[in-house]
Amino acid sequence: MKNVYIETYGCQMNQADSGIVGKVLVENGYSLVNNQDDADVILINTCAVRDNAEKRIHNRVHDLQSLKKKNPLLKIGIIGCMAERLKDSLINEDKAEIVCGPDSYRRIHELIDLNGGIDTELSKEETYEDIIPVELNSDGISAFISVMRGCENFCTYCVVPYTRGKERSRSPESVIAQAKKLFDEGYRDITLLGQNVNSYIYNEDGKDVRFAELLIRVAKINPLLRVRFATSHPKDLSEELVDAVASYNNICKYIHLPVQSGSDAMLAKMNRKYTSEQYLQKIDLIRKKIPDCAISTDVIAGFCGETLEDHNRTLEIFRKVRYDSAYMFKYSDRPGTVAHKRFEDDIEEKEKVRRLQEIIDLQRELSLESNQKDIGKIFEVLVEGESKRDKTKYFGRTSQNKVVIFDKQDNKKGDYINVIIENCTSATLFGKKI
Ligand code: 5AD
Ligand code: SF4
């Protein structure tokens with residue numbers, strides 16, 4: 001039993017984690033394969049944030065059972081947030097053999113060696129900082145580095161504090177070492193990850209290093225290394241962090257600042273610890289200090305007790321901020337959360353879908369408007385790969401995280417080129433190298 005296939009769902013943090021799991025396996029004599037048919041073990045790294053994501057995984061695991069007919073020794077493992085949330089029910093009901101939570105990846109090979117088993121112990125210390133991950137499904141240009149784990153914000157709708165446990169940060173030294181190694185291997189775009197990067201704190205020789213300083217240290221590795229980060233909680237996005245983004249050309253002019261709702265009543269009920277006014281002050285701060293900064297957000301439609309007035313406030317804040325892009329969700333009740341215990345999930349599915357669609361339609365207009373403003377402007381674009389739709393073209397991203405399509409010419413992956421924008425849709429810019 002030696003070949004392992006790892007499949008990743010959900011957030012960027014899961015992608016980084018799959019790389020850690022891969023490294024633990026390789027160090028313990030396993031091989032990683034790119035095809036489920038070659039695998040003796042299939043590991044599925046899962047997300048528990050919304051019910052529909054979980055349903056997909058249950059179906060996937062169900063479908064995989066048929067592979068066991070061909071290969072009776074095949075073992076299926078569920079790792080990540082669903083493993084943490086559902087524990088042994090994944091063995092009893094879903095017929096998985098291995099269940100491994102986000103803080104138990106050092107032991108993943110033992111669970112496989114034992115022919116199956118479960119470990120969902122959460123840890124206050126585990127950061128995996130000594131494990132340099134393998135880069136799975138990599139384009140050789142972009143990579144993620146997780147700088148902290150866990151979340152203690154307890155937004156009432158969110159399952160993450162229960163599945164990923166207490167906040168803990170990695171040493172700056174280990175983050176820099178990983179970033180330097182990636183740069184030397186040709187990577188040019190690195191995203192520093194944490195559920196709430198603003199909570200990053202590490203005591204180094206008696207002095208606290210916070211996220212803004214960490215970000216600057218990574219940016220200083222080389223001006224050709226682009227640095228991004230996610231996610232910032234609006235309540236503690238600091239002026240120092242905004243200043244850091246403003247001051248370094250290679251810290252990307254892109255901030256993801258989840259608003260979740262535009263209604264103060266909903267924000268309070270969600271335990272977000274800011275009002276819409278305070279959120280807008282953070283936006284003003286960003287706009288003042290970084291005029292060319294793109295801003296994106298997360299939003300939830302149809303949270304418990306959300307009135308039409310509350311929903312309109314969300315549309316209103318979208319119009320005020322004029323986001324460049326957004327990740328938009330309808331509320332999904334999650335067992336174990338405060339919202340599940342205390343509030344009624346009372347917005348009908350049809351109405352949730354309608355409100356979500358209204359936000360999506362508005363955001364499409366805002367994204368188009370934002371992209372149209374770029375027509376005629378020149379951007380520095382990092383060449384990231386071949387366009388999927390048109391093999392004669394490359395795609396890359398601007399510092400603002402917008403995707404640009406352009407003719408290949410004599411460029412290659414990893415080059416920085418100047419592109420003038422000639423056309424756009426709400427999702428993509430089209431341009432020409434100058
Ligand atoms: N229902 C819908 N969306 C959710 N998110 C988190 N929990 C839920 C939930 N129960 C969204 C939030 C968060 C993003 C990662 O997922 O918008 O920022
Ligand atoms: Fe969930 Fe809130 Fe933590 Fe984000 S900050 S992971 S939404 S609890």
# chains A, B, ... in the order shown; residues from 1 in each chain; ligands from 1
$ closest_atom_pairs --of "chain A" --to "ligand 2" --cutoff "9 Å" --atoms "only C-alpha atoms and all ligand atoms" --output "tab-separated table"
residue	atom	partner	partner_atom_place_in_ligand_line	distance
A:Val49	CA	ligand 2	1 (Fe)	8.2
A:Gly150	CA	ligand 2	6 (S)	7.8
A:Cys151	CA	ligand 2	3 (Fe)	4.8
A:Glu152	CA	ligand 2	3 (Fe)	6.3
A:Asn153	CA	ligand 2	8 (S)	4.9
A:Phe154	CA	ligand 2	8 (S)	4.3
A:Cys155	CA	ligand 2	8 (S)	4.2
A:Thr156	CA	ligand 2	8 (S)	7.2
A:Tyr157	CA	ligand 2	1 (Fe)	7.5
A:Cys158	CA	ligand 2	1 (Fe)	4.5
A:Val159	CA	ligand 2	1 (Fe)	6.4
A:Val160	CA	ligand 2	6 (S)	5.0
A:Pro161	CA	ligand 2	8 (S)	5.7
A:Tyr162	CA	ligand 2	8 (S)	8.9
A:Arg164	CA	ligand 2	6 (S)	8.7
A:Gly194	CA	ligand 2	6 (S)	8.9
A:Gln195	CA	ligand 2	6 (S)	5.1
A:Asn196	CA	ligand 2	5 (S)	5.9
A:Thr231	CA	ligand 2	4 (Fe)	7.9
A:Ser232	CA	ligand 2	5 (S)	8.3
A:His233	CA	ligand 2	5 (S)	6.2
A:Pro258	CA	ligand 2	7 (S)	8.3
A:Gln260	CA	ligand 2	7 (S)	8.4
A:Met270	CA	ligand 2	2 (Fe)	8.6
A:Asn271	CA	ligand 2	2 (Fe)	8.4
A:Arg272	CA	ligand 2	2 (Fe)	7.2
$ select_by_dssp --residues "stretch 37-236 of chain A" --states "strand (DSSP E)" --output "JSON, numbers by chain"
{"A": [41, 42, 43, 44, 45, 46, 75, 76, 77, 78, 79, 80, 98, 99, 100, 117, 118, 119, 142, 143, 144, 145, 146, 148, 149, 168, 169, 189, 190, 191, 192, 193, 201, 202, 203, 204, 207, 208, 209, 210, 226, 227, 228, 229, 230]}
$ select_by_dssp --residues "stretch 146-272 of chain A" --states "helix (DSSP H, G or I)" --output "number ranges by chain"
A: 160-164, 172-184, 197-199, 211-219, 234-236, 239-247, 264-269
$ residues_around --residues "A:Gln357" --least-positions-apart "3" --cutoff "12 Å" --atoms "only C-alpha atoms" --output "list in words"
Ile300, Ala301, Gly302, His311, Leu315, Met328, Phe329, Lys330, Lys350, Glu351, Lys352, Val353, Arg354, Ile360, Asp361, Leu362, Gln363 and Arg364 of chain A
$ write_last_selection --atoms "N, CA, C and O atoms" --output "PDB file, in the first residue's frame"
ATOM      1  N   ILE A 300     -22.869  36.966   3.226  1.00  0.00           N
ATOM      2  CA  ILE A 300     -23.835  35.888   3.458  1.00  0.00           C
ATOM      3  C   ILE A 300     -25.249  36.440   3.292  1.00  0.00           C
ATOM      4  O   ILE A 300     -25.611  37.430   3.943  1.00  0.00           O
ATOM      5  N   ALA A 301     -26.044  35.822   2.425  1.00  0.00           N
ATOM      6  CA  ALA A 301     -27.433  36.235   2.211  1.00  0.00           C
ATOM      7  C   ALA A 301     -28.355  35.338   3.028  1.00  0.00           C
ATOM      8  O   ALA A 301     -28.165  34.126   3.068  1.00  0.00           O
ATOM      9  N   GLY A 302     -29.333  35.970   3.690  1.00  0.00           N
ATOM     10  CA  GLY A 302     -30.377  35.189   4.356  1.00  0.00           C
ATOM     11  C   GLY A 302     -29.974  34.595   5.691  1.00  0.00           C
ATOM     12  O   GLY A 302     -30.419  33.504   6.062  1.00  0.00           O
ATOM     13  N   HIS A 311     -31.316  43.124   4.235  1.00  0.00           N
ATOM     14  CA  HIS A 311     -30.773  42.719   2.929  1.00  0.00           C
ATOM     15  C   HIS A 311     -30.451  43.941   2.061  1.00  0.00           C
ATOM     16  O   HIS A 311     -29.400  44.009   1.416  1.00  0.00           O
ATOM     17  N   LEU A 315     -26.999  45.352   0.026  1.00  0.00           N
ATOM     18  CA  LEU A 315     -26.870  45.886  -1.342  1.00  0.00           C
ATOM     19  C   LEU A 315     -26.274  47.293  -1.302  1.00  0.00           C
ATOM     20  O   LEU A 315     -25.424  47.655  -2.129  1.00  0.00           O
ATOM     21  N   MET A 328     -19.832  35.155  -2.698  1.00  0.00           N
ATOM     22  CA  MET A 328     -21.185  35.370  -2.187  1.00  0.00           C
ATOM     23  C   MET A 328     -21.844  34.032  -1.854  1.00  0.00           C
ATOM     24  O   MET A 328     -21.804  33.104  -2.666  1.00  0.00           O
ATOM     25  N   PHE A 329     -22.440  33.948  -0.662  1.00  0.00           N
ATOM     26  CA  PHE A 329     -22.996  32.681  -0.199  1.00  0.00           C
ATOM     27  C   PHE A 329     -24.384  32.893   0.384  1.00  0.00           C
ATOM     28  O   PHE A 329     -24.682  33.966   0.901  1.00  0.00           O
ATOM     29  N   LYS A 330     -25.196  31.833   0.342  1.00  0.00           N
ATOM     30  CA  LYS A 330     -26.429  31.902   1.132  1.00  0.00           C
ATOM     31  C   LYS A 330     -26.167  31.204   2.455  1.00  0.00           C
ATOM     32  O   LYS A 330     -25.348  30.275   2.524  1.00  0.00           O
ATOM     33  N   LYS A 350     -36.063  29.513  -0.953  1.00  0.00           N
ATOM     34  CA  LYS A 350     -36.330  30.262  -2.193  1.00  0.00           C
ATOM     35  C   LYS A 350     -35.963  31.742  -2.047  1.00  0.00           C
ATOM     36  O   LYS A 350     -35.413  32.365  -2.946  1.00  0.00           O
ATOM     37  N   GLU A 351     -36.263  32.265  -0.878  1.00  0.00           N
ATOM     38  CA  GLU A 351     -35.968  33.683  -0.617  1.00  0.00           C
ATOM     39  C   GLU A 351     -34.455  33.907  -0.448  1.00  0.00           C
ATOM     40  O   GLU A 351     -33.913  34.910  -0.912  1.00  0.00           O
ATOM     41  N   LYS A 352     -33.774  32.941   0.196  1.00  0.00           N
ATOM     42  CA  LYS A 352     -32.310  33.050   0.299  1.00  0.00           C
ATOM     43  C   LYS A 352     -31.688  33.101  -1.095  1.00  0.00           C
ATOM     44  O   LYS A 352     -30.812  33.921  -1.366  1.00  0.00           O
ATOM     45  N   VAL A 353     -32.175  32.216  -1.970  1.00  0.00           N
ATOM     46  CA  VAL A 353     -31.642  32.150  -3.332  1.00  0.00           C
ATOM     47  C   VAL A 353     -31.904  33.475  -4.050  1.00  0.00           C
ATOM     48  O   VAL A 353     -31.035  34.008  -4.742  1.00  0.00           O
ATOM     49  N   ARG A 354     -33.099  34.021  -3.849  1.00  0.00           N
ATOM     50  CA  ARG A 354     -33.441  35.282  -4.517  1.00  0.00           C
ATOM     51  C   ARG A 354     -32.528  36.413  -4.050  1.00  0.00           C
ATOM     52  O   ARG A 354     -31.982  37.166  -4.846  1.00  0.00           O
ATOM     53  N   ILE A 360     -25.502  38.857  -6.380  1.00  0.00           N
ATOM     54  CA  ILE A 360     -24.628  38.421  -7.491  1.00  0.00           C
ATOM     55  C   ILE A 360     -24.805  39.343  -8.701  1.00  0.00           C
ATOM     56  O   ILE A 360     -23.822  39.767  -9.323  1.00  0.00           O
ATOM     57  N   ASP A 361     -26.071  39.664  -9.019  1.00  0.00           N
ATOM     58  CA  ASP A 361     -26.330  40.530 -10.173  1.00  0.00           C
ATOM     59  C   ASP A 361     -25.706  41.905  -9.979  1.00  0.00           C
ATOM     60  O   ASP A 361     -25.106  42.465 -10.904  1.00  0.00           O
ATOM     61  N   LEU A 362     -25.849  42.441  -8.767  1.00  0.00           N
ATOM     62  CA  LEU A 362     -25.270  43.746  -8.487  1.00  0.00           C
ATOM     63  C   LEU A 362     -23.742  43.680  -8.606  1.00  0.00           C
ATOM     64  O   LEU A 362     -23.115  44.543  -9.215  1.00  0.00           O
ATOM     65  N   GLN A 363     -23.155  42.618  -8.027  1.00  0.00           N
ATOM     66  CA  GLN A 363     -21.694  42.518  -8.059  1.00  0.00           C
ATOM     67  C   GLN A 363     -21.184  42.382  -9.491  1.00  0.00           C
ATOM     68  O   GLN A 363     -20.122  42.909  -9.820  1.00  0.00           O
ATOM     69  N   ARG A 364     -21.952  41.693 -10.330  1.00  0.00           N
ATOM     70  CA  ARG A 364     -21.521  41.577 -11.722  1.00  0.00           C
ATOM     71  C   ARG A 364     -21.402  42.965 -12.359  1.00  0.00           C
ATOM     72  O   ARG A 364     -20.431  43.260 -13.044  1.00  0.00           O
TER      73      ARG A 364
END
$ atom_distance --atom1 "atom 11 (C, counted along the ligand's line) of ligand 1" --atom2 "atom CA of A:Tyr331"
7.9 Å
$ closest_residue --among "A:Ser263, A:Ser199, A:Thr398, A:Ser66" --to "A:Arg226" --atoms "only C-alpha atoms"
A:Thr398
$ residues_around --residues "A:Glu384" --least-positions-apart "4" --cutoff "12 Å" --atoms "only C-alpha atoms" --output "list in words"
Ser138, Asp139, Gly140, Ile141, Ser142, Ala143, Gly186, Tyr187, Arg188, Asp189, Lys388, Lys393, Tyr394, Phe395, Gly396, Arg397, Thr398, Val403, Val404, Ile405, Phe406, Lys408, Asn411, Lys412, Lys413, Gly414, Asp415, Tyr416 and Ile417 of chain A
$ write_last_selection --atoms "N, CA, C and O atoms" --output "CSV table (one decimal), in the first residue's frame"
chain,number,residue,atom,x,y,z
A,138,SER,N,0.8,22.1,-8.8
A,138,SER,CA,1.3,23.4,-8.8
A,138,SER,C,1.6,23.9,-10.2
A,138,SER,O,1.9,23.1,-11.1
A,139,ASP,N,1.4,25.2,-10.4
A,139,ASP,CA,1.7,25.8,-11.7
A,139,ASP,C,3.2,26.3,-11.8
A,139,ASP,O,3.6,26.9,-12.7
A,140,GLY,N,3.9,26.1,-10.6
A,140,GLY,CA,5.3,26.6,-10.5
A,140,GLY,C,5.5,28.0,-10.3
A,140,GLY,O,6.6,28.5,-10.2
A,141,ILE,N,4.4,28.8,-10.3
A,141,ILE,CA,4.4,30.3,-10.1
A,141,ILE,C,3.8,30.7,-8.8
A,141,ILE,O,4.3,31.6,-8.1
A,142,SER,N,2.6,30.2,-8.5
A,142,SER,CA,1.9,30.7,-7.3
A,142,SER,C,1.9,29.6,-6.2
A,142,SER,O,1.8,28.4,-6.5
A,143,ALA,N,2.0,30.1,-5.0
A,143,ALA,CA,2.0,29.1,-3.9
A,143,ALA,C,1.4,29.8,-2.6
A,143,ALA,O,1.4,31.0,-2.5
A,186,GLY,N,11.6,29.3,-8.4
A,186,GLY,CA,11.0,29.9,-9.5
A,186,GLY,C,9.6,30.5,-9.2
A,186,GLY,O,9.0,31.1,-10.1
A,187,TYR,N,9.1,30.2,-8.0
A,187,TYR,CA,7.8,30.8,-7.6
A,187,TYR,C,7.9,32.3,-7.5
A,187,TYR,O,8.9,32.9,-7.1
A,188,ARG,N,6.8,33.0,-8.0
A,188,ARG,CA,6.8,34.5,-8.0
A,188,ARG,C,5.6,35.1,-7.3
A,188,ARG,O,5.6,36.3,-7.2
A,189,ASP,N,4.7,34.3,-6.9
A,189,ASP,CA,3.4,34.9,-6.3
A,189,ASP,C,3.1,34.0,-5.1
A,189,ASP,O,2.7,32.9,-5.2
A,388,LYS,N,-6.8,28.8,-20.6
A,388,LYS,CA,-7.5,27.5,-20.8
A,388,LYS,C,-8.3,27.5,-22.1
A,388,LYS,O,-8.4,26.5,-22.8
A,393,LYS,N,-2.8,32.0,-26.3
A,393,LYS,CA,-2.7,33.1,-25.4
A,393,LYS,C,-2.2,32.7,-24.0
A,393,LYS,O,-2.4,31.5,-23.6
A,394,TYR,N,-1.6,33.7,-23.3
A,394,TYR,CA,-1.3,33.5,-21.9
A,394,TYR,C,-2.3,34.2,-21.0
A,394,TYR,O,-3.0,35.1,-21.4
A,395,PHE,N,-2.3,33.7,-19.7
A,395,PHE,CA,-3.0,34.6,-18.8
A,395,PHE,C,-2.0,34.9,-17.6
A,395,PHE,O,-1.0,34.2,-17.4
A,396,GLY,N,-2.3,36.0,-17.0
A,396,GLY,CA,-1.5,36.4,-15.8
A,396,GLY,C,-2.4,37.3,-14.9
A,396,GLY,O,-3.6,37.4,-15.2
A,397,ARG,N,-1.9,37.8,-13.9
A,397,ARG,CA,-2.7,38.6,-13.0
A,397,ARG,C,-2.0,40.0,-12.8
A,397,ARG,O,-0.8,40.1,-12.8
A,398,THR,N,-2.8,41.0,-12.5
A,398,THR,CA,-2.3,42.3,-12.1
A,398,THR,C,-2.0,42.2,-10.6
A,398,THR,O,-2.5,41.3,-9.9
A,403,VAL,N,-7.5,38.9,-13.6
A,403,VAL,CA,-6.9,38.1,-14.6
A,403,VAL,C,-6.9,38.8,-15.9
A,403,VAL,O,-7.9,39.4,-16.3
A,404,VAL,N,-5.7,38.7,-16.6
A,404,VAL,CA,-5.5,39.4,-17.9
A,404,VAL,C,-5.2,38.3,-18.9
A,404,VAL,O,-4.3,37.5,-18.7
A,405,ILE,N,-5.8,38.4,-20.1
A,405,ILE,CA,-5.4,37.5,-21.2
A,405,ILE,C,-4.7,38.3,-22.3
A,405,ILE,O,-5.2,39.4,-22.6
A,406,PHE,N,-3.6,37.7,-22.8
A,406,PHE,CA,-2.9,38.5,-23.8
A,406,PHE,C,-2.1,37.5,-24.7
A,406,PHE,O,-1.9,36.3,-24.4
A,408,LYS,N,0.7,35.4,-26.6
A,408,LYS,CA,1.9,34.8,-26.0
A,408,LYS,C,3.2,35.5,-26.4
A,408,LYS,O,4.0,35.8,-25.5
A,411,ASN,N,7.1,35.8,-24.5
A,411,ASN,CA,7.2,35.8,-23.1
A,411,ASN,C,7.2,34.3,-22.6
A,411,ASN,O,6.9,33.4,-23.3
A,412,LYS,N,7.6,34.2,-21.3
A,412,LYS,CA,7.4,32.9,-20.7
A,412,LYS,C,6.9,33.0,-19.3
A,412,LYS,O,6.9,34.1,-18.7
A,413,LYS,N,6.4,31.9,-18.8
A,413,LYS,CA,5.9,31.8,-17.4
A,413,LYS,C,6.9,32.4,-16.4
A,413,LYS,O,8.1,32.1,-16.5
A,414,GLY,N,6.4,33.3,-15.5
A,414,GLY,CA,7.3,33.9,-14.5
A,414,GLY,C,7.8,35.2,-14.9
A,414,GLY,O,8.4,35.9,-14.1
A,415,ASP,N,7.6,35.6,-16.2
A,415,ASP,CA,8.0,37.0,-16.6
A,415,ASP,C,7.1,38.0,-16.1
A,415,ASP,O,5.9,37.8,-16.0
A,416,TYR,N,7.6,39.2,-15.9
A,416,TYR,CA,6.7,40.4,-15.6
A,416,TYR,C,6.7,41.2,-16.9
A,416,TYR,O,7.8,41.5,-17.5
A,417,ILE,N,5.5,41.5,-17.4
A,417,ILE,CA,5.4,42.3,-18.6
A,417,ILE,C,4.4,43.4,-18.4
A,417,ILE,O,3.5,43.3,-17.6
$ atom_distance --atom1 "atom CA of A:Thr275" --atom2 "atom CA of A:Val259"
9.8 Å
$ atom_distance --atom1 "atom 3 (N, counted along the ligand's line) of ligand 1" --atom2 "atom CA of A:Ile190"
25.7 Å
$ closest_residue --among "A:Thr8, A:Thr191, A:Asn249, A:Asn203" --to "A:Arg228" --atoms "only C-alpha atoms"
A:Thr191
$ closest_residue --among "A:Glu365, A:Ile255, A:Ala230, A:Ser169" --to "A:Arg210" --atoms "only C-alpha atoms"
A:Ser169
$ closest_residue --among "A:Asp88, A:Glu135, A:Asp51, A:Asp298" --to "A:Asp119" --atoms "only C-alpha atoms"
A:Asp88
$ residues_around --residues "A:Ser325" --least-positions-apart "6" --cutoff "8 Å" --atoms "only C-alpha atoms" --output "PDB file with all heavy atoms, in the first residue's frame"
ATOM      1  N   ILE A 295     -10.404  45.775  -3.865  1.00  0.00           N
ATOM      2  CA  ILE A 295     -10.969  45.257  -2.612  1.00  0.00           C
ATOM      3  C   ILE A 295     -12.023  44.203  -2.954  1.00  0.00           C
ATOM      4  O   ILE A 295     -12.872  44.421  -3.819  1.00  0.00           O
ATOM      5  CB  ILE A 295     -11.598  46.399  -1.780  1.00  0.00           C
ATOM      6  CG1 ILE A 295     -10.538  47.465  -1.453  1.00  0.00           C
ATOM      7  CG2 ILE A 295     -12.216  45.842  -0.500  1.00  0.00           C
ATOM      8  CD1 ILE A 295     -11.076  48.669  -0.699  1.00  0.00           C
ATOM      9  N   SER A 296     -11.943  43.070  -2.272  1.00  0.00           N
ATOM     10  CA  SER A 296     -12.977  42.039  -2.457  1.00  0.00           C
ATOM     11  C   SER A 296     -13.563  41.695  -1.099  1.00  0.00           C
ATOM     12  O   SER A 296     -13.066  42.145  -0.058  1.00  0.00           O
ATOM     13  CB  SER A 296     -12.380  40.802  -3.118  1.00  0.00           C
ATOM     14  OG  SER A 296     -11.456  40.192  -2.261  1.00  0.00           O
ATOM     15  N   THR A 297     -14.627  40.897  -1.120  1.00  0.00           N
ATOM     16  CA  THR A 297     -15.334  40.626   0.131  1.00  0.00           C
ATOM     17  C   THR A 297     -15.990  39.258   0.124  1.00  0.00           C
ATOM     18  O   THR A 297     -16.049  38.601  -0.921  1.00  0.00           O
ATOM     19  CB  THR A 297     -16.393  41.732   0.373  1.00  0.00           C
ATOM     20  OG1 THR A 297     -16.748  41.749   1.758  1.00  0.00           O
ATOM     21  CG2 THR A 297     -17.646  41.515  -0.465  1.00  0.00           C
ATOM     22  N   GLN A 363     -23.155  42.618  -8.027  1.00  0.00           N
ATOM     23  CA  GLN A 363     -21.694  42.518  -8.059  1.00  0.00           C
ATOM     24  C   GLN A 363     -21.184  42.382  -9.491  1.00  0.00           C
ATOM     25  O   GLN A 363     -20.122  42.909  -9.820  1.00  0.00           O
ATOM     26  CB  GLN A 363     -21.194  41.364  -7.179  1.00  0.00           C
ATOM     27  CG  GLN A 363     -19.683  41.258  -7.101  1.00  0.00           C
ATOM     28  CD  GLN A 363     -19.007  42.575  -6.694  1.00  0.00           C
ATOM     29  OE1 GLN A 363     -19.447  43.255  -5.771  1.00  0.00           O
ATOM     30  NE2 GLN A 363     -17.945  42.961  -7.412  1.00  0.00           N
ATOM     31  N   LEU A 366     -20.843  45.746 -10.727  1.00  0.00           N
ATOM     32  CA  LEU A 366     -19.724  46.456 -10.100  1.00  0.00           C
ATOM     33  C   LEU A 366     -18.380  45.959 -10.644  1.00  0.00           C
ATOM     34  O   LEU A 366     -17.468  46.754 -10.875  1.00  0.00           O
ATOM     35  CB  LEU A 366     -19.753  46.288  -8.572  1.00  0.00           C
ATOM     36  CG  LEU A 366     -20.968  46.880  -7.845  1.00  0.00           C
ATOM     37  CD1 LEU A 366     -20.910  46.544  -6.356  1.00  0.00           C
ATOM     38  CD2 LEU A 366     -21.051  48.399  -8.040  1.00  0.00           C
ATOM     39  N   SER A 367     -18.281  44.636 -10.868  1.00  0.00           N
ATOM     40  CA  SER A 367     -17.033  44.076 -11.404  1.00  0.00           C
ATOM     41  C   SER A 367     -16.798  44.584 -12.819  1.00  0.00           C
ATOM     42  O   SER A 367     -15.675  44.929 -13.191  1.00  0.00           O
ATOM     43  CB  SER A 367     -17.082  42.545 -11.430  1.00  0.00           C
ATOM     44  OG  SER A 367     -17.208  42.041 -10.132  1.00  0.00           O
TER      45      SER A 367
END
$ closest_residue --among "A:Ser426, A:Ser332, A:Ser261, A:Ser174" --to "ligand 1" --atoms "only C-alpha atoms and all ligand atoms"
A:Ser332
$ closest_residue --among "A:Pro335, A:Gly101, A:Pro223, A:Gly376" --to "ligand 1" --atoms "only C-alpha atoms and all ligand atoms"
A:Pro335
